[in-house]
Amino acid sequence: MNHEGLPRRTSADTEGPVAKVLSKLEATGQDLTVLRLLANSPTVFRPFVRLSSTLMYDGALPEKVREVVILWMGRNRPHSYEWIEHVLIARRVGLSDEQIDAIERDDLDGDLFTDEQRLAVVVAAQLLGDHALPPETFEAAVDTWGLETFIELVMVVGWWGGTVPTFLEAMGLRRPDVCDLDVPEWMPEPD
């Protein structure tokens, strides 16, 4: 694995703004493996943390919608650090184990999910598949959330469906260093 020799930075072995941010993350238990690796590049570390934090905590997109989309995207990758990290987050924001299991089976039909959650997955699937939205999906999404929140959804898809997995794949990071969850059967063992 590419990442095995890379240092996992901490507030103790960094300085300036990186040390300050890592200290806050460590204090709250949010010093994720991906962030500790990213701290090797002070230039991108803070902007990465700021955008992630903004999309997670400051947005108007409902948390459950966001986490359904992130889990769906994570489920559709062969190695998914994001799946493992976001199962815990999804539970924290109120998704049930039944919903998480359904996403794991790629079954969003039925009564477990709202129309809003299913529409968000359609948006993600179309953006990741065709890199465009048909006019009817665009209109349905803007009608559902308004333009501002729809743009936020597009950024969630781009961030957790593009930027984050690109970094994880480049580093060869398949799973968090510490994980209290069982690895799903569909997820292959690391090379």
# chains A, B, ... in the order shown; residues from 1 in each chain; ligands from 1
$ select_by_dssp --residues "range 15-118 of chain A" --states "alpha helix (DSSP H)" --output "MDAnalysis selection string"
chainID A and resid 16:27 33:38 42:53 63:75 81:93 97:104 115:118
$ closest_atom_pairs --of "range 91-116 of chain A" --to "range 54-65 of chain A" --cutoff "10 Å" --atoms "only C-alpha atoms" --output "JSON lines"
{"residue": "A:Arg91", "atom": "CA", "partner": "A:Lys64", "partner_atom": "CA", "distance": 9.3}
{"residue": "A:Arg92", "atom": "CA", "partner": "A:Lys64", "partner_atom": "CA", "distance": 9.7}
{"residue": "A:Val93", "atom": "CA", "partner": "A:Lys64", "partner_atom": "CA", "distance": 6.3}
{"residue": "A:Gly94", "atom": "CA", "partner": "A:Lys64", "partner_atom": "CA", "distance": 6.9}
{"residue": "A:Leu95", "atom": "CA", "partner": "A:Lys64", "partner_atom": "CA", "distance": 6.5}
{"residue": "A:Phe113", "atom": "CA", "partner": "A:Val65", "partner_atom": "CA", "distance": 9.3}
{"residue": "A:Thr114", "atom": "CA", "partner": "A:Val65", "partner_atom": "CA", "distance": 8.8}
{"residue": "A:Glu116", "atom": "CA", "partner": "A:Val65", "partner_atom": "CA", "distance": 7.1}
$ closest_atom_pairs --of "range 70-188 of chain A" --to "range 17-33 of chain A" --cutoff "10 Å" --atoms "only C-alpha atoms" --output "JSON lines"
{"residue": "A:Tyr81", "atom": "CA", "partner": "A:Thr33", "partner_atom": "CA", "distance": 9.5}
{"residue": "A:Glu85", "atom": "CA", "partner": "A:Leu32", "partner_atom": "CA", "distance": 8.6}
{"residue": "A:Leu173", "atom": "CA", "partner": "A:Thr33", "partner_atom": "CA", "distance": 8.8}
{"residue": "A:Arg175", "atom": "CA", "partner": "A:Thr33", "partner_atom": "CA", "distance": 8.7}
{"residue": "A:Pro176", "atom": "CA", "partner": "A:Thr33", "partner_atom": "CA", "distance": 5.6}
{"residue": "A:Asp177", "atom": "CA", "partner": "A:Thr33", "partner_atom": "CA", "distance": 6.2}
{"residue": "A:Val178", "atom": "CA", "partner": "A:Thr33", "partner_atom": "CA", "distance": 8.1}
$ closest_residue --among "A:Leu37, A:Ile84, A:Ala90, A:Val69" --to "Arg9 in chain A" --atoms "only C-alpha atoms"
A:Leu37
$ residues_around --residues "Leu128 in chain A" --least-positions-apart "2" --cutoff "9 Å" --atoms "only C-alpha atoms" --output "PyMOL selection string"
chain A and resi 123-126+130-132+157-158+161-162
$ closest_residue --among "A:Trp160, A:Ser41, A:Ala140, A:Val121" --to "His86 in chain A" --atoms "only C-alpha atoms"
A:Trp160
$ residues_around --residues "Glu98 in chain A" --least-positions-apart "5" --cutoff "12 Å" --atoms "only C-alpha atoms" --output "number ranges by chain"
A: 87, 90-91, 103-105, 107-108, 110-113
$ closest_residue --among "A:Ala141, A:Ile151, A:Val44, A:Ile100" --to "Leu71 in chain A" --atoms "only C-alpha atoms"
A:Ile100
$ atom_distance --atom1 "CA of Arg36 in chain A" --atom2 "CA of Leu51 in chain A"
16.0 Å
$ decode --residues "range 158-172 of chain A" --atoms "all heavy atoms" --output "mmCIF file, in the first residue's frame"
data_model
loop_
_atom_site.group_PDB
_atom_site.id
_atom_site.type_symbol
_atom_site.label_atom_id
_atom_site.label_comp_id
_atom_site.auth_asym_id
_atom_site.auth_seq_id
_atom_site.Cartn_x
_atom_site.Cartn_y
_atom_site.Cartn_z
ATOM 1 N N GLY A 158 -19.374 16.076 -5.784
ATOM 2 C CA GLY A 158 -18.030 16.294 -6.302
ATOM 3 C C GLY A 158 -16.948 16.018 -5.276
ATOM 4 O O GLY A 158 -15.891 15.469 -5.594
ATOM 5 N N TRP A 159 -17.228 16.376 -4.022
ATOM 6 C CA TRP A 159 -16.231 16.220 -2.963
ATOM 7 C C TRP A 159 -16.057 14.749 -2.585
ATOM 8 O O TRP A 159 -14.959 14.208 -2.671
ATOM 9 C CB TRP A 159 -16.642 17.063 -1.761
ATOM 10 C CG TRP A 159 -15.575 17.197 -0.729
ATOM 11 C CD1 TRP A 159 -15.578 16.685 0.531
ATOM 12 C CD2 TRP A 159 -14.346 17.906 -0.854
ATOM 13 N NE1 TRP A 159 -14.428 17.020 1.191
ATOM 14 C CE2 TRP A 159 -13.648 17.775 0.354
ATOM 15 C CE3 TRP A 159 -13.763 18.626 -1.886
ATOM 16 C CZ2 TRP A 159 -12.396 18.333 0.567
ATOM 17 C CZ3 TRP A 159 -12.510 19.190 -1.680
ATOM 18 C CH2 TRP A 159 -11.853 19.044 -0.457
ATOM 19 N N TRP A 160 -17.156 14.106 -2.166
ATOM 20 C CA TRP A 160 -17.052 12.716 -1.699
ATOM 21 C C TRP A 160 -17.165 11.694 -2.831
ATOM 22 O O TRP A 160 -16.935 10.512 -2.608
ATOM 23 C CB TRP A 160 -18.072 12.425 -0.605
ATOM 24 C CG TRP A 160 -17.593 12.952 0.719
ATOM 25 C CD1 TRP A 160 -16.651 12.391 1.540
ATOM 26 C CD2 TRP A 160 -18.017 14.136 1.379
ATOM 27 N NE1 TRP A 160 -16.450 13.166 2.662
ATOM 28 C CE2 TRP A 160 -17.297 14.256 2.576
ATOM 29 C CE3 TRP A 160 -18.941 15.126 1.053
ATOM 30 C CZ2 TRP A 160 -17.471 15.302 3.460
ATOM 31 C CZ3 TRP A 160 -19.107 16.179 1.935
ATOM 32 C CH2 TRP A 160 -18.380 16.250 3.125
ATOM 33 N N GLY A 161 -17.493 12.163 -4.022
ATOM 34 C CA GLY A 161 -17.543 11.264 -5.166
ATOM 35 C C GLY A 161 -16.369 11.448 -6.106
ATOM 36 O O GLY A 161 -16.170 10.657 -7.022
ATOM 37 N N GLY A 162 -15.575 12.508 -5.890
ATOM 38 C CA GLY A 162 -14.461 12.796 -6.787
ATOM 39 C C GLY A 162 -13.168 13.115 -6.073
ATOM 40 O O GLY A 162 -12.214 12.351 -6.101
ATOM 41 N N THR A 163 -13.121 14.265 -5.406
ATOM 42 C CA THR A 163 -11.876 14.726 -4.789
ATOM 43 C C THR A 163 -11.376 13.767 -3.714
ATOM 44 O O THR A 163 -10.222 13.339 -3.747
ATOM 45 C CB THR A 163 -12.072 16.138 -4.203
ATOM 46 O OG1 THR A 163 -12.460 17.018 -5.265
ATOM 47 C CG2 THR A 163 -10.805 16.651 -3.540
ATOM 48 N N VAL A 164 -12.214 13.447 -2.750
ATOM 49 C CA VAL A 164 -11.773 12.597 -1.636
ATOM 50 C C VAL A 164 -11.359 11.207 -2.126
ATOM 51 O O VAL A 164 -10.260 10.746 -1.803
ATOM 52 C CB VAL A 164 -12.849 12.531 -0.527
ATOM 53 C CG1 VAL A 164 -12.452 11.527 0.546
ATOM 54 C CG2 VAL A 164 -13.064 13.912 0.084
ATOM 55 N N PRO A 165 -12.193 10.508 -2.922
ATOM 56 C CA PRO A 165 -11.751 9.186 -3.367
ATOM 57 C C PRO A 165 -10.512 9.223 -4.259
ATOM 58 O O PRO A 165 -9.713 8.293 -4.244
ATOM 59 C CB PRO A 165 -12.952 8.602 -4.103
ATOM 60 C CG PRO A 165 -13.944 9.665 -4.228
ATOM 61 C CD PRO A 165 -13.576 10.787 -3.312
ATOM 62 N N THR A 166 -10.311 10.307 -5.012
ATOM 63 C CA THR A 166 -9.098 10.418 -5.826
ATOM 64 C C THR A 166 -7.876 10.450 -4.926
ATOM 65 O O THR A 166 -6.878 9.754 -5.179
ATOM 66 C CB THR A 166 -9.161 11.674 -6.723
ATOM 67 O OG1 THR A 166 -10.266 11.545 -7.617
ATOM 68 C CG2 THR A 166 -7.873 11.861 -7.511
ATOM 69 N N PHE A 167 -7.935 11.239 -3.866
ATOM 70 C CA PHE A 167 -6.817 11.286 -2.911
ATOM 71 C C PHE A 167 -6.609 9.923 -2.252
ATOM 72 O O PHE A 167 -5.489 9.418 -2.170
ATOM 73 C CB PHE A 167 -7.048 12.363 -1.844
ATOM 74 C CG PHE A 167 -5.974 12.370 -0.798
ATOM 75 C CD1 PHE A 167 -4.733 12.915 -1.079
ATOM 76 C CD2 PHE A 167 -6.200 11.811 0.452
ATOM 77 C CE1 PHE A 167 -3.722 12.892 -0.124
ATOM 78 C CE2 PHE A 167 -5.194 11.788 1.409
ATOM 79 C CZ PHE A 167 -3.956 12.333 1.124
ATOM 80 N N LEU A 168 -7.696 9.307 -1.795
ATOM 81 C CA LEU A 168 -7.584 8.014 -1.116
ATOM 82 C C LEU A 168 -6.984 6.952 -2.038
ATOM 83 O O LEU A 168 -6.114 6.172 -1.616
ATOM 84 C CB LEU A 168 -8.960 7.563 -0.618
ATOM 85 C CG LEU A 168 -9.592 8.436 0.462
ATOM 86 C CD1 LEU A 168 -11.030 8.022 0.697
ATOM 87 C CD2 LEU A 168 -8.779 8.402 1.747
ATOM 88 N N GLU A 169 -7.436 6.916 -3.284
ATOM 89 C CA GLU A 169 -6.904 5.937 -4.239
ATOM 90 C C GLU A 169 -5.430 6.208 -4.532
ATOM 91 O O GLU A 169 -4.631 5.267 -4.621
ATOM 92 C CB GLU A 169 -7.722 5.938 -5.531
ATOM 93 C CG GLU A 169 -9.119 5.366 -5.369
ATOM 94 C CD GLU A 169 -9.131 3.884 -4.999
ATOM 95 O OE1 GLU A 169 -8.250 3.118 -5.467
ATOM 96 O OE2 GLU A 169 -10.034 3.480 -4.253
ATOM 97 N N ALA A 170 -5.064 7.477 -4.692
ATOM 98 C CA ALA A 170 -3.662 7.806 -4.965
ATOM 99 C C ALA A 170 -2.755 7.369 -3.823
ATOM 100 O O ALA A 170 -1.639 6.904 -4.043
ATOM 101 C CB ALA A 170 -3.516 9.306 -5.218
ATOM 102 N N MET A 171 -3.246 7.500 -2.598
ATOM 103 C CA MET A 171 -2.469 7.108 -1.429
ATOM 104 C C MET A 171 -2.547 5.602 -1.168
ATOM 105 O O MET A 171 -1.792 5.069 -0.366
ATOM 106 C CB MET A 171 -2.960 7.851 -0.174
ATOM 107 C CG MET A 171 -2.793 9.354 -0.228
ATOM 108 S SD MET A 171 -1.072 9.877 -0.385
ATOM 109 C CE MET A 171 -1.136 10.669 -1.984
ATOM 110 N N GLY A 172 -3.490 4.925 -1.824
ATOM 111 C CA GLY A 172 -3.685 3.495 -1.576
ATOM 112 C C GLY A 172 -4.377 3.236 -0.249
ATOM 113 O O GLY A 172 -4.285 2.146 0.311
#
